[in-house]
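Colleague: For reference, the file final_3.txt (compact mmCIF, C-alpha atoms and all ligand atoms) is included below:
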```txt
# COMPACT_ATOMS: atom_id res chain seq x y z
CA MET M 14 -6.84 6.35 -26.14
CA SER M 15 -6.90 5.37 -22.49
CA SER M 16 -4.04 3.35 -21.09
CA VAL M 17 -3.30 1.37 -17.94
CA PHE M 18 -0.42 3.79 -17.36
CA ASP M 19 -2.77 6.76 -16.93
CA ASP M 20 -3.26 5.88 -13.26
CA LEU M 21 0.43 6.19 -12.39
CA VAL M 22 0.69 9.64 -10.90
CA GLY M 23 3.87 11.66 -11.35
CA GLN M 24 5.87 8.71 -12.76
CA GLU M 25 6.40 9.87 -16.36
CA HIS M 26 10.07 8.81 -16.32
CA ILE M 27 9.01 5.22 -15.56
CA ILE M 28 6.06 5.09 -17.93
CA ASP M 29 8.37 5.81 -20.88
CA ILE M 30 10.64 2.92 -19.95
CA LEU M 31 7.73 0.52 -19.47
CA LYS M 32 6.11 1.48 -22.77
CA GLY M 33 9.43 0.94 -24.49
CA ALA M 34 9.74 -2.50 -22.92
CA VAL M 35 6.21 -3.44 -23.97
CA ALA M 36 6.96 -2.40 -27.55
CA ALA M 37 10.22 -4.39 -27.50
CA SER M 38 8.43 -7.45 -26.15
CA ARG M 39 6.27 -7.57 -29.30
CA GLN M 40 9.11 -7.64 -31.78
CA GLY M 41 8.80 -11.17 -33.10
CA SER M 42 9.54 -14.23 -31.04
CA ASP M 43 13.05 -12.98 -30.27
CA SER M 44 12.77 -11.59 -26.76
CA GLN M 45 16.36 -10.39 -26.38
CA GLU M 46 15.21 -6.81 -25.86
CA MET M 47 12.87 -7.73 -23.10
CA THR M 48 14.19 -7.89 -19.52
CA HIS M 49 12.75 -10.83 -17.59
CA ALA M 50 13.15 -9.51 -14.08
CA TRP M 51 12.36 -6.08 -12.71
CA VAL M 52 12.38 -4.45 -9.29
CA PHE M 53 10.00 -1.58 -8.59
CA THR M 54 10.94 0.48 -5.55
CA GLY M 55 9.42 3.58 -4.04
CA PRO M 56 8.05 5.00 -0.80
CA PRO M 57 4.66 3.82 0.49
CA GLY M 58 1.87 5.28 -1.63
CA SER M 59 4.05 6.02 -4.64
CA GLY M 60 2.24 3.20 -6.42
CA ARG M 61 4.99 0.64 -6.97
CA SER M 62 2.58 -2.29 -7.13
CA SER M 63 0.15 -0.33 -9.34
CA ALA M 64 3.04 0.29 -11.72
CA ALA M 65 3.94 -3.40 -11.76
CA VAL M 66 0.35 -4.47 -12.35
CA ALA M 67 -0.07 -1.91 -15.16
CA PHE M 68 3.08 -3.29 -16.78
CA ALA M 69 1.71 -6.84 -16.46
CA GLN M 70 -1.52 -5.75 -18.14
CA ALA M 71 0.31 -4.02 -20.97
CA LEU M 72 2.45 -7.11 -21.60
CA ILE M 73 -0.52 -9.41 -22.10
CA CYS M 74 -2.95 -6.92 -23.69
CA PRO M 75 -3.33 -7.08 -27.50
CA ASN M 76 -3.41 -3.25 -27.50
CA GLN M 77 -0.35 -2.72 -25.26
CA GLY M 78 -2.39 -1.92 -22.16
CA CYS M 79 -5.71 -0.37 -23.17
CA GLY M 80 -7.21 -0.99 -19.72
CA THR M 81 -10.61 -1.86 -21.17
CA CYS M 82 -10.25 -5.24 -22.92
CA ASN M 83 -10.87 -8.60 -21.25
CA GLU M 84 -7.16 -9.32 -20.88
CA CYS M 85 -6.47 -6.04 -19.11
CA GLN M 86 -9.40 -6.36 -16.76
CA SER M 87 -8.91 -9.99 -15.84
CA ALA M 88 -5.20 -9.33 -15.23
CA ALA M 89 -6.04 -6.59 -12.74
CA THR M 90 -8.58 -8.65 -10.83
CA GLY M 91 -6.56 -11.84 -10.60
CA GLY M 92 -8.63 -13.71 -13.17
CA HIS M 93 -6.07 -14.00 -15.96
CA PRO M 94 -4.39 -17.40 -16.31
CA ASP M 95 -1.04 -15.84 -17.27
CA VAL M 96 -0.85 -13.13 -14.64
CA GLU M 97 -0.23 -13.91 -11.02
CA VAL M 98 -0.23 -11.18 -8.37
CA ILE M 99 1.28 -12.32 -5.08
CA ARG M 100 0.09 -10.27 -2.13
CA THR M 101 1.00 -11.31 1.32
CA GLU M 102 -0.79 -10.46 4.52
CA GLY M 103 1.75 -12.27 6.65
CA LEU M 104 5.11 -11.00 7.82
CA SER M 105 7.16 -13.17 5.50
CA ILE M 106 6.96 -15.16 2.29
CA LYS M 107 8.21 -18.66 2.97
CA VAL M 108 10.12 -21.03 0.74
CA GLU M 109 7.15 -23.43 0.51
CA GLU M 110 5.05 -20.65 -0.99
CA ILE M 111 7.71 -19.89 -3.59
CA ARG M 112 8.06 -23.57 -4.50
CA GLU M 113 4.32 -23.81 -4.95
CA LEU M 114 4.38 -20.68 -7.09
CA LEU M 115 7.19 -22.07 -9.26
CA THR M 116 5.17 -25.22 -9.93
CA ARG M 117 2.20 -23.12 -10.97
CA VAL M 118 4.17 -20.95 -13.37
CA ALA M 119 6.23 -23.76 -14.87
CA TRP M 120 3.78 -24.16 -17.74
CA ALA M 121 4.02 -22.16 -20.93
CA PRO M 122 1.71 -19.14 -20.99
CA SER M 123 -1.76 -20.21 -22.07
CA MET M 124 -2.25 -17.36 -24.49
CA GLY M 125 1.14 -17.80 -26.12
CA GLY M 126 2.51 -14.43 -24.98
CA TRP M 127 4.04 -13.79 -21.60
CA ARG M 128 3.44 -15.14 -18.17
CA VAL M 129 3.81 -12.39 -15.59
CA VAL M 130 4.32 -12.72 -11.86
CA VAL M 131 3.91 -9.57 -9.73
CA MET M 132 5.28 -9.92 -6.21
CA GLU M 133 4.04 -7.00 -4.14
CA ASP M 134 6.18 -7.56 -1.08
CA ALA M 135 9.48 -8.94 -2.31
CA ASP M 136 11.07 -7.46 0.83
CA ARG M 137 9.26 -10.11 2.86
CA LEU M 138 10.93 -13.08 1.14
CA THR M 139 12.83 -15.20 3.63
CA GLU M 140 16.39 -15.94 2.58
CA SER M 141 15.60 -19.49 1.49
CA ALA M 142 12.52 -18.27 -0.40
CA ALA M 143 14.65 -15.65 -2.15
CA ASN M 144 17.18 -18.29 -3.13
CA ALA M 145 14.48 -20.52 -4.58
CA LEU M 146 13.19 -17.55 -6.55
CA LEU M 147 16.68 -16.66 -7.73
CA LYS M 148 17.02 -20.01 -9.49
CA ALA M 149 13.82 -19.34 -11.42
CA ILE M 150 14.89 -15.83 -12.38
CA GLU M 151 18.24 -17.11 -13.62
CA GLU M 152 16.68 -19.75 -15.84
CA PRO M 153 17.20 -18.71 -19.46
CA GLY M 154 14.70 -18.85 -22.27
CA THR M 155 11.49 -18.83 -20.30
CA ARG M 156 8.48 -16.72 -21.17
CA THR M 157 8.00 -15.65 -17.55
CA VAL M 158 8.50 -12.04 -16.48
CA TRP M 159 9.14 -11.32 -12.80
CA LEU M 160 8.02 -7.98 -11.35
CA LEU M 161 9.19 -7.55 -7.77
CA CYS M 162 8.13 -4.65 -5.57
CA ALA M 163 9.91 -3.40 -2.44
CA PRO M 164 10.32 -0.13 -0.52
CA THR M 165 14.02 0.20 -1.39
CA LEU M 166 16.64 -1.77 -3.28
CA HIS M 167 18.29 -2.69 0.02
CA ASP M 168 15.22 -4.74 0.91
CA VAL M 169 15.98 -7.18 -1.91
CA LEU M 170 18.78 -9.77 -1.74
CA PRO M 171 21.85 -8.55 -3.67
CA THR M 172 21.94 -11.75 -5.74
CA ILE M 173 18.37 -11.11 -6.90
CA ARG M 174 18.62 -7.39 -7.46
CA SER M 175 21.76 -7.76 -9.55
CA ARG M 176 19.70 -9.75 -12.06
CA CYS M 177 16.85 -7.26 -12.19
CA ARG M 178 16.29 -4.02 -13.97
CA HIS M 179 15.56 -1.39 -11.33
CA LEU M 180 12.83 1.24 -11.53
CA GLN M 181 12.58 3.83 -8.77
CA LEU M 182 9.21 5.51 -8.29
CA ARG M 183 8.91 8.97 -6.81
CA THR M 184 6.51 10.34 -4.25
CA PRO M 185 4.11 12.30 -6.45
CA SER M 186 3.86 16.02 -5.75
CA ILE M 187 0.84 17.40 -3.86
CA ASP M 188 -0.13 19.12 -7.08
CA ALA M 189 0.02 15.93 -9.16
CA VAL M 190 -2.19 14.11 -6.63
CA THR M 191 -4.64 17.04 -6.58
CA GLN M 192 -4.93 16.97 -10.38
CA VAL M 193 -5.62 13.23 -10.46
CA LEU M 194 -8.35 13.54 -7.85
CA ILE M 195 -10.01 16.33 -9.83
CA LYS M 196 -9.70 14.76 -13.27
CA ARG M 197 -10.17 11.07 -12.61
CA GLU M 198 -12.11 10.88 -9.37
CA LYS M 199 -14.25 13.97 -10.07
CA VAL M 200 -13.44 15.43 -6.65
CA SER M 201 -14.02 19.17 -6.17
CA PRO M 202 -10.80 21.25 -6.43
CA ALA M 203 -10.94 22.37 -2.79
CA MET M 204 -11.45 18.85 -1.47
CA ALA M 205 -8.79 17.46 -3.84
CA ASP M 206 -6.24 19.97 -2.59
CA PHE M 207 -7.05 19.21 1.04
CA ALA M 208 -6.98 15.42 0.51
CA ALA M 209 -3.64 15.64 -1.31
CA ARG M 210 -2.11 17.75 1.46
CA VAL M 211 -3.23 15.67 4.41
CA SER M 212 -2.13 12.45 2.73
CA GLN M 213 1.24 13.97 1.85
CA GLY M 214 1.50 12.56 -1.65
CA HIS M 215 0.16 9.09 -0.75
CA ILE M 216 -2.25 8.64 -3.63
CA GLY M 217 -4.20 5.69 -2.16
CA ARG M 218 -4.76 7.48 1.12
CA ALA M 219 -5.76 10.67 -0.72
CA ARG M 220 -8.40 8.78 -2.73
CA HIS M 221 -9.71 7.05 0.38
CA PHE M 222 -9.86 10.35 2.24
CA ALA M 223 -11.67 12.19 -0.55
CA ALA M 224 -14.20 9.39 -1.01
CA ASN M 225 -15.14 8.69 2.61
CA GLU M 226 -16.85 11.21 4.80
CA SER M 227 -16.43 9.01 7.87
CA VAL M 228 -12.66 9.02 7.37
CA ARG M 229 -12.68 12.81 7.22
CA ILE M 230 -14.82 13.07 10.36
CA ASN M 231 -12.51 10.68 12.22
CA ARG M 232 -9.47 12.68 11.20
CA LYS M 233 -11.07 15.83 12.51
CA VAL M 234 -11.56 14.22 15.90
CA ILE M 235 -7.94 13.00 15.94
CA MET M 236 -6.66 16.46 15.03
CA GLN M 237 -8.49 18.00 17.98
CA LEU M 238 -6.76 15.71 20.47
CA PRO M 239 -3.63 17.87 20.97
CA LEU M 240 -5.88 20.73 22.06
CA GLN M 241 -7.80 18.60 24.55
CA ILE M 242 -5.10 16.86 26.55
CA SER M 243 -4.72 19.33 29.39
CA SER M 244 -4.80 16.73 32.18
CA LEU M 245 -3.61 13.19 32.74
CA ALA M 246 -7.19 11.91 32.66
CA ALA M 247 -7.76 13.67 29.35
CA ALA M 248 -4.56 12.13 27.97
CA PHE M 249 -5.78 8.61 28.78
CA GLN M 250 -9.16 9.43 27.28
CA ALA M 251 -7.43 10.71 24.12
CA ALA M 252 -5.47 7.46 23.77
CA GLN M 253 -8.68 5.45 24.00
CA THR M 254 -10.39 7.69 21.43
CA LEU M 255 -7.52 7.27 18.98
CA ILE M 256 -7.52 3.47 19.34
CA ASP M 257 -11.32 3.26 19.05
CA LEU M 258 -11.50 5.36 15.91
CA ALA M 259 -8.60 3.57 14.21
CA THR M 260 -10.06 0.17 15.07
CA GLU M 261 -13.50 1.11 13.84
CA GLU M 262 -12.11 2.42 10.57
CA ALA M 263 -10.03 -0.70 9.94
CA ASN M 264 -12.90 -3.01 10.81
CA THR M 265 -15.34 -1.28 8.49
CA ALA M 266 -12.86 -1.65 5.65
CA SER M 267 -12.05 -5.30 6.34
CA GLU M 268 -15.63 -6.48 6.97
CA THR M 269 -16.76 -5.47 3.48
CA ARG M 270 -13.67 -7.07 1.98
CA ASP M 271 -14.01 -10.27 4.04
CA GLU M 272 -17.64 -10.80 3.04
CA LYS M 273 -16.86 -10.35 -0.64
CA GLU M 274 -13.97 -12.81 -0.47
CA ILE M 275 -16.05 -15.49 1.24
CA GLU M 276 -18.85 -15.01 -1.28
CA LYS M 277 -16.37 -15.31 -4.12
CA LEU M 278 -14.87 -18.45 -2.64
CA GLN M 279 -18.26 -20.08 -2.16
CA GLU M 280 -19.20 -19.12 -5.69
CA ALA M 281 -16.02 -20.73 -7.01
CA TYR M 282 -16.90 -23.98 -5.23
CA GLY M 283 -20.57 -23.63 -6.11
CA LYS M 284 -19.94 -23.88 -9.82
CA GLY M 285 -20.84 -27.47 -10.66
CA ALA M 286 -20.44 -28.50 -7.03
CA ASN M 287 -22.48 -31.35 -5.67
CA GLY M 288 -22.03 -34.15 -3.23
CA ARG M 289 -20.73 -34.23 0.31
CA GLY M 290 -17.02 -34.15 -0.62
CA MET M 291 -17.47 -30.74 -2.15
CA ALA M 292 -19.25 -29.42 0.94
CA THR M 293 -16.34 -30.50 3.17
CA GLY M 294 -13.94 -28.88 0.71
CA VAL M 295 -15.68 -25.55 0.81
CA ALA M 296 -15.99 -25.56 4.61
CA LYS M 297 -12.26 -26.20 4.92
CA ALA M 298 -11.39 -23.49 2.42
CA VAL M 299 -13.67 -20.98 4.16
CA LYS M 300 -12.06 -21.80 7.50
CA GLU M 301 -8.59 -21.21 6.05
CA LEU M 302 -9.68 -17.97 4.48
CA GLU M 303 -11.18 -16.79 7.78
CA LYS M 304 -7.89 -17.47 9.53
CA GLU M 305 -6.04 -15.38 6.95
CA GLN M 306 -8.62 -12.64 7.24
CA LYS M 307 -8.19 -12.52 10.99
CA SER M 308 -4.44 -11.97 10.77
CA ARG M 309 -4.99 -9.36 8.08
CA ALA M 310 -7.56 -7.58 10.29
CA THR M 311 -4.98 -7.31 13.08
CA ARG M 312 -2.52 -5.81 10.65
CA MET M 313 -5.11 -3.39 9.29
CA VAL M 314 -5.88 -2.11 12.79
CA ARG M 315 -2.18 -1.52 13.38
CA ASP M 316 -1.85 0.27 10.03
CA SER M 317 -4.87 2.37 10.89
CA ILE M 318 -3.41 3.38 14.28
CA ASP M 319 -0.18 4.25 12.50
CA GLY M 320 -2.16 6.40 10.06
CA ALA M 321 -3.83 8.22 12.97
CA LEU M 322 -0.42 8.90 14.51
CA LEU M 323 0.83 10.23 11.19
CA ASP M 324 -2.18 12.57 11.11
CA LEU M 325 -1.44 13.68 14.64
CA ALA M 326 2.17 14.37 13.66
CA THR M 327 1.02 16.82 10.97
CA PHE M 328 -0.38 19.05 13.73
CA TYR M 329 3.01 19.38 15.45
CA ARG M 330 4.71 19.70 12.09
CA ASP M 331 2.42 22.65 11.31
CA VAL M 332 3.17 24.17 14.72
CA MET M 333 6.89 23.97 13.88
CA MET M 334 6.26 25.56 10.48
CA VAL M 335 4.44 28.49 12.10
CA GLN M 336 7.20 28.87 14.71
CA ALA M 337 9.76 28.95 11.90
CA GLY M 338 7.77 31.63 10.09
CA ASP M 339 6.57 29.38 7.22
CA ALA M 340 2.83 29.55 7.93
CA GLY M 341 2.07 29.27 4.20
CA LEU M 342 3.27 25.66 4.15
CA ILE M 343 0.96 24.21 6.75
CA ILE M 344 -0.97 21.03 5.96
CA ASN M 345 -3.97 21.62 8.19
CA ALA M 346 -5.06 24.89 6.66
CA ASP M 347 -8.52 24.43 8.20
CA MET M 348 -6.91 24.63 11.66
CA GLN M 349 -4.85 27.77 11.13
CA THR M 350 -6.18 29.50 14.29
CA GLU M 351 -5.60 26.46 16.52
CA VAL M 352 -2.12 25.89 15.11
CA ASP M 353 -1.18 29.57 15.58
CA GLY M 354 -2.49 29.51 19.16
CA TYR M 355 -0.59 26.33 20.02
CA ALA M 356 2.60 27.60 18.40
CA SER M 357 2.53 30.63 20.70
CA ILE M 358 2.21 28.66 23.94
CA ILE M 359 4.86 25.95 23.51
CA SER M 360 8.57 26.32 22.86
CA ALA M 361 10.17 25.22 19.60
CA HIS M 362 12.08 22.63 21.64
CA ALA M 363 8.85 21.16 23.05
CA ALA M 364 7.34 20.93 19.56
CA VAL M 365 10.33 18.93 18.36
CA GLN M 366 10.11 16.67 21.41
CA LYS M 367 6.46 15.94 20.72
CA MET M 368 7.23 15.06 17.11
CA SER M 369 9.93 12.64 18.27
CA ALA M 370 7.55 11.13 20.80
CA ILE M 371 5.12 10.32 17.99
CA LEU M 372 7.89 8.81 15.89
CA GLU M 373 9.00 6.72 18.85
CA ALA M 374 5.46 5.47 19.45
CA ARG M 375 5.22 4.45 15.78
CA ASN M 376 8.49 2.55 16.08
CA HIS M 377 7.22 0.74 19.17
CA LEU M 378 4.02 -0.22 17.40
CA ALA M 379 6.00 -1.47 14.42
CA MET M 380 7.80 -3.78 16.85
CA ASN M 381 4.46 -5.14 18.07
CA ALA M 382 4.10 -3.14 21.29
CA ALA M 383 0.59 -3.15 22.81
CA PRO M 384 -1.31 -0.36 21.02
CA LEU M 385 -3.30 1.12 23.93
CA VAL M 386 -0.39 1.30 26.38
CA THR M 387 1.85 2.80 23.68
CA CYS M 388 -0.74 5.47 22.87
CA GLU M 389 -1.33 6.23 26.56
CA ALA M 390 2.37 6.81 27.11
CA LEU M 391 2.46 8.98 24.00
CA MET M 392 -0.53 11.10 25.02
CA CYS M 393 0.98 11.71 28.47
CA GLU M 394 4.12 12.93 26.74
CA LEU M 395 2.11 15.16 24.38
CA ALA M 396 0.11 16.56 27.33
CA ARG M 397 3.30 17.82 29.04
CA LYS M 398 3.72 21.55 28.86
ZN ZN Z 1 -6.16 -4.22 -22.92
```
Can you present the structure in this file as structure tokens?
Ligand SMILES: [Zn+2]

Modeller:
Amino acid sequence: MSSVFDDLVGQEHIIDILKGAVAASRQGSDSQEMTHAWVFTGPPGSGRSSAAVAFAQALICPNQGCGTCNECQSAATGGHPDVEVIRTEGLSIKVEEIRELLTRVAWAPSMGGWRVVVMEDADRLTESAANALLKAIEEPGTRTVWLLCAPTLHDVLPTIRSRCRHLQLRTPSIDAVTQVLIKREKVSPAMADFAARVSQGHIGRARHFAANESVRINRKVIMQLPLQISSLAAAFQAAQTLIDLATEEANTASETRDEKEIEKLQEAYGKGANGRGMATGVAKAVKELEKEQKSRATRMVRDSIDGALLDLATFYRDVMMVQAGDAGLIINADMQTEVDGYASIISAHAAVQKMSAILEARNHLAMNAAPLVTCEALMCELARK
């Protein structure tokens, strides 16, 4: 039988615990066995929020998480009255948002089972928001289960994390990601292996890479940049190319998503809507949504540039591997000749310096530096012999 836990790659140790908790949660009305607050941590791409959502589905599903029933499906798409998934596009989750959330979840679960709140970015809670949340978590006897997700345990306030059961996800192995792409996404073995390697165990990125030819073409262009920056002019050109490609990729992804969201919103208002009041309501809601979408688009472009820089870093990483005599471990196996050639013309010291330059550029971008200038400075550094 299929299960919502099937999608969690390389997390067998966690799946056992979650299944145990789901079984315990069914034992009569006495919920002593069931922990009401959990923290899921793990590196980006390990699937911490997927794990939390799967757990939420299993808790409300009559078949302990079959993945196919109405409950399971509506829980995953945000349509279940007892499951709330909080995703934030902003930089922080404010206390007002938490207060609003607490009002919404104050009611008993409509289906008589559990009410589940998944918070994907618990690391973005402001201190006052975290304190408001803490009070709710401490409240005894409720039927609400809190599933918080964060990169590490240090990103969660000590007072909150001490009341939560902690689950640490692992970065899945290249092999585990390859197998999932072959079995579940029906990707060819060669493509699956390549996608798993270049995304370095990040399952979401691996899927995206395997499914989109344009993403693969863009990556190819990015990976050629180190070989093309032989002059200052070429370095500036390379920076522009990187920004253009990353922006285009992010925009394509967000445009489709934006349109769907607006359609969905209008549909929601359209049901039984008539009269002028309703029209003003929908216009206002669309405007608000568009504002949110705009700030998300900015973030997606930044994430996309960061992804391109990570790709670029794999080239220098491979060069270092070859210089160290570990040619078998290179990520960009399709560029073996180029990597070998590059490894023979620069010193090991220069390769390390170029890797650090990329890391530094990523740090600057994370602190909101202007993308083009940051990439220009980086490319000049990479062009140096
Ligand atoms: Zn189900």

Colleague: Identify, on the basis of all atoms listed in the file, every residue whose closest approach to Gly354 in chain M does not exceed 12 Å; exclude the query and any residue fewer than 3 positions from it along the same chain; express the result as a PyMOL selection string.

Modeller: chain M and resi 239-240+328+331-332+335-336+348-351+357-359

Colleague: Would you list the residues near (15.3, -17.4, 1.3), meaning any protein, DNA or RNA residue with an atom at most 12 Å from that point in file coordinates, counting all atoms listed in the file, as number ranges by chain?

Modeller: M: 105-112, 135-148, 169-170, 172-173

Colleague: Which one of M:Ser38, M:Gln253, M:Thr101, M:Asn83 sits closest to ligand ZN 1 (chain Z) if you count all atoms listed in the file?

Modeller: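 For ligand ZN 1 (chain Z), the nearest of the given residues is M:Asn83.
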
Colleague: CA of Leu194 in chain M and CA of Pro164 in chain M are how many Å apart?

Modeller: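 These two atoms are separated by 24.3 Å.
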
Colleague: Which residues are near ligand ZN 1 (chain Z) in this structure, taking near to mean any atom at most 10 Å from a ligand atom and counting only C-alpha atoms and all ligand atoms? Format them as a JSON list (two decimals) with C-alpha atoms, in the coordinates of the input.

Modeller:
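What ended up in result.json:
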```json
[["chain", "number", "residue", "atom", "x", "y", "z"],
["M", 15, "SER", "CA", -6.90, 5.37, -22.49],
["M", 16, "SER", "CA", -4.04, 3.35, -21.09],
["M", 17, "VAL", "CA", -3.30, 1.37, -17.94],
["M", 70, "GLN", "CA", -1.52, -5.75, -18.14],
["M", 71, "ALA", "CA", 0.31, -4.02, -20.97],
["M", 72, "LEU", "CA", 2.45, -7.11, -21.60],
["M", 73, "ILE", "CA", -0.52, -9.41, -22.10],
["M", 74, "CYS", "CA", -2.95, -6.92, -23.69],
["M", 75, "PRO", "CA", -3.33, -7.08, -27.50],
["M", 76, "ASN", "CA", -3.41, -3.25, -27.50],
["M", 77, "GLN", "CA", -0.35, -2.72, -25.26],
["M", 78, "GLY", "CA", -2.39, -1.92, -22.16],
["M", 79, "CYS", "CA", -5.71, -0.37, -23.17],
["M", 80, "GLY", "CA", -7.21, -0.99, -19.72],
["M", 81, "THR", "CA", -10.61, -1.86, -21.17],
["M", 82, "CYS", "CA", -10.25, -5.24, -22.92],
["M", 83, "ASN", "CA", -10.87, -8.60, -21.25],
["M", 84, "GLU", "CA", -7.16, -9.32, -20.88],
["M", 85, "CYS", "CA", -6.47, -6.04, -19.11],
["M", 86, "GLN", "CA", -9.40, -6.36, -16.76],
["M", 87, "SER", "CA", -8.91, -9.99, -15.84],
["M", 88, "ALA", "CA", -5.20, -9.33, -15.23]]
```

Colleague: Which polymer residues have any atom within 12 Å of an atom of Ile235 in chain M, counting all atoms listed in the file, with same-chain residues fewer than 5 positions away left out, as a PDB file with C-alpha atoms, in the frame of the given file?

Modeller:
```pdb
ATOM      1  CA  VAL M 228     -12.660   9.020   7.370  1.00  0.00           C
ATOM      2  CA  ARG M 229     -12.680  12.810   7.220  1.00  0.00           C
ATOM      3  CA  ILE M 230     -14.820  13.070  10.360  1.00  0.00           C
ATOM      4  CA  LEU M 240      -5.880  20.730  22.060  1.00  0.00           C
ATOM      5  CA  GLN M 241      -7.800  18.600  24.550  1.00  0.00           C
ATOM      6  CA  ILE M 242      -5.100  16.860  26.550  1.00  0.00           C
ATOM      7  CA  GLN M 250      -9.160   9.430  27.280  1.00  0.00           C
ATOM      8  CA  ALA M 251      -7.430  10.710  24.120  1.00  0.00           C
ATOM      9  CA  ALA M 252      -5.470   7.460  23.770  1.00  0.00           C
ATOM     10  CA  GLN M 253      -8.680   5.450  24.000  1.00  0.00           C
ATOM     11  CA  THR M 254     -10.390   7.690  21.430  1.00  0.00           C
ATOM     12  CA  LEU M 255      -7.520   7.270  18.980  1.00  0.00           C
ATOM     13  CA  ILE M 256      -7.520   3.470  19.340  1.00  0.00           C
ATOM     14  CA  ASP M 257     -11.320   3.260  19.050  1.00  0.00           C
ATOM     15  CA  LEU M 258     -11.500   5.360  15.910  1.00  0.00           C
ATOM     16  CA  ALA M 259      -8.600   3.570  14.210  1.00  0.00           C
ATOM     17  CA  ILE M 318      -3.410   3.380  14.280  1.00  0.00           C
ATOM     18  CA  GLY M 320      -2.160   6.400  10.060  1.00  0.00           C
ATOM     19  CA  ALA M 321      -3.830   8.220  12.970  1.00  0.00           C
ATOM     20  CA  LEU M 322      -0.420   8.900  14.510  1.00  0.00           C
ATOM     21  CA  LEU M 323       0.830  10.230  11.190  1.00  0.00           C
ATOM     22  CA  ASP M 324      -2.180  12.570  11.110  1.00  0.00           C
ATOM     23  CA  LEU M 325      -1.440  13.680  14.640  1.00  0.00           C
ATOM     24  CA  ALA M 326       2.170  14.370  13.660  1.00  0.00           C
ATOM     25  CA  THR M 327       1.020  16.820  10.970  1.00  0.00           C
ATOM     26  CA  PHE M 328      -0.380  19.050  13.730  1.00  0.00           C
ATOM     27  CA  MET M 392      -0.530  11.100  25.020  1.00  0.00           C
TER      28      MET M 392
END
```

Colleague: One decimal, in Å: what's the spacing between CA of Cys177 in chain M and CA of Ala50 in chain M?

Modeller: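 Computing it gives 4.7 Å between the two atoms.
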
Colleague: Return as CSV the residues of range 86-202 of chain M lying at most 7 Å from range 54-62 of chain M, together with the closest atom-to-atom pair for each and the distance in Å to one decimal, counting only C-alpha atoms, with rows in chain order and ascending residue number.

Modeller:
```
residue,atom,partner,partner_atom,distance
M:Glu133,CA,M:Ser62,CA,5.8
M:Cys162,CA,M:Thr54,CA,5.8
M:Ala163,CA,M:Thr54,CA,5.1
M:Pro164,CA,M:Thr54,CA,5.1
M:Thr165,CA,M:Thr54,CA,5.2
M:Leu166,CA,M:Thr54,CA,6.5
M:Leu180,CA,M:Thr54,CA,6.3
M:Gln181,CA,M:Thr54,CA,4.9
M:Leu182,CA,M:Gly55,CA,4.7
M:Arg183,CA,M:Gly55,CA,6.1
M:Thr184,CA,M:Ser59,CA,5.0
M:Pro185,CA,M:Ser59,CA,6.5
```

Colleague: Which distance in Å separates CA of Ala364 in chain M and CA of His377 in chain M, to one decimal?

Modeller: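 Between these atoms lies a distance of 20.2 Å.
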
Colleague: So that I can see what lies close to range 211-213 of chain M, please list as a list in words the residues with an atom at most 9 Å from it, counting all atoms listed in the file and leaving out residues fewer than 3 positions away in the same chain.

Modeller: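 Counting only the stated atoms, we get Thr184, Pro185, Ser186, Ile187, Asp206, Phe207, Ala208, Ile216, Gly217, Arg218, Ala219, Phe222, Asp324, Thr327, Ile344 and Asn345 of chain M.
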
Colleague: Restricting the calculation to all atoms listed in the file, which member of M:Arg39, M:Arg309, M:Arg128, M:Arg270 is positioned closest to Arg100 in chain M?

Modeller: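 Once distances to Arg100 in chain M are computed over all atoms listed in the file, the minimum belongs to M:Arg309.
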
Colleague: Could you check the closest approach to Ala263 in chain M for each of M:Ala363, M:Ile99, M:Val190, M:Val314 and tell me which residue wins, using all atoms listed in the file?

Modeller: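 Counting all atoms listed in the file, the residue closest to Ala263 in chain M is M:Val314.
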
Colleague: Which residue is closest to Cys393 in chain M? Choose from M:Gln192, M:Ser244, M:Ser123, M:Gln24 and count all atoms listed in the file.

Modeller: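 Closest residue, counting all atoms listed in the file: M:Ser244.
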
Colleague: Can you pull out every residue within 9 Å of Leu278 in chain M, counting all atoms listed in the file, but drop anything in the same chain fewer than 2 positions away, and send it as a ChimeraX atom specification?

Modeller: /M:273-276,280-283,295,298-299,302

Colleague: With all atoms listed in the file as the atoms that count, which of M:Met47, M:Asp168, M:Ala67, M:Ala346 lies nearest to Phe18 in chain M?

Modeller: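 Of M:Met47, M:Asp168, M:Ala67, M:Ala346, the one nearest Phe18 in chain M is M:Ala67, counting all atoms listed in the file.
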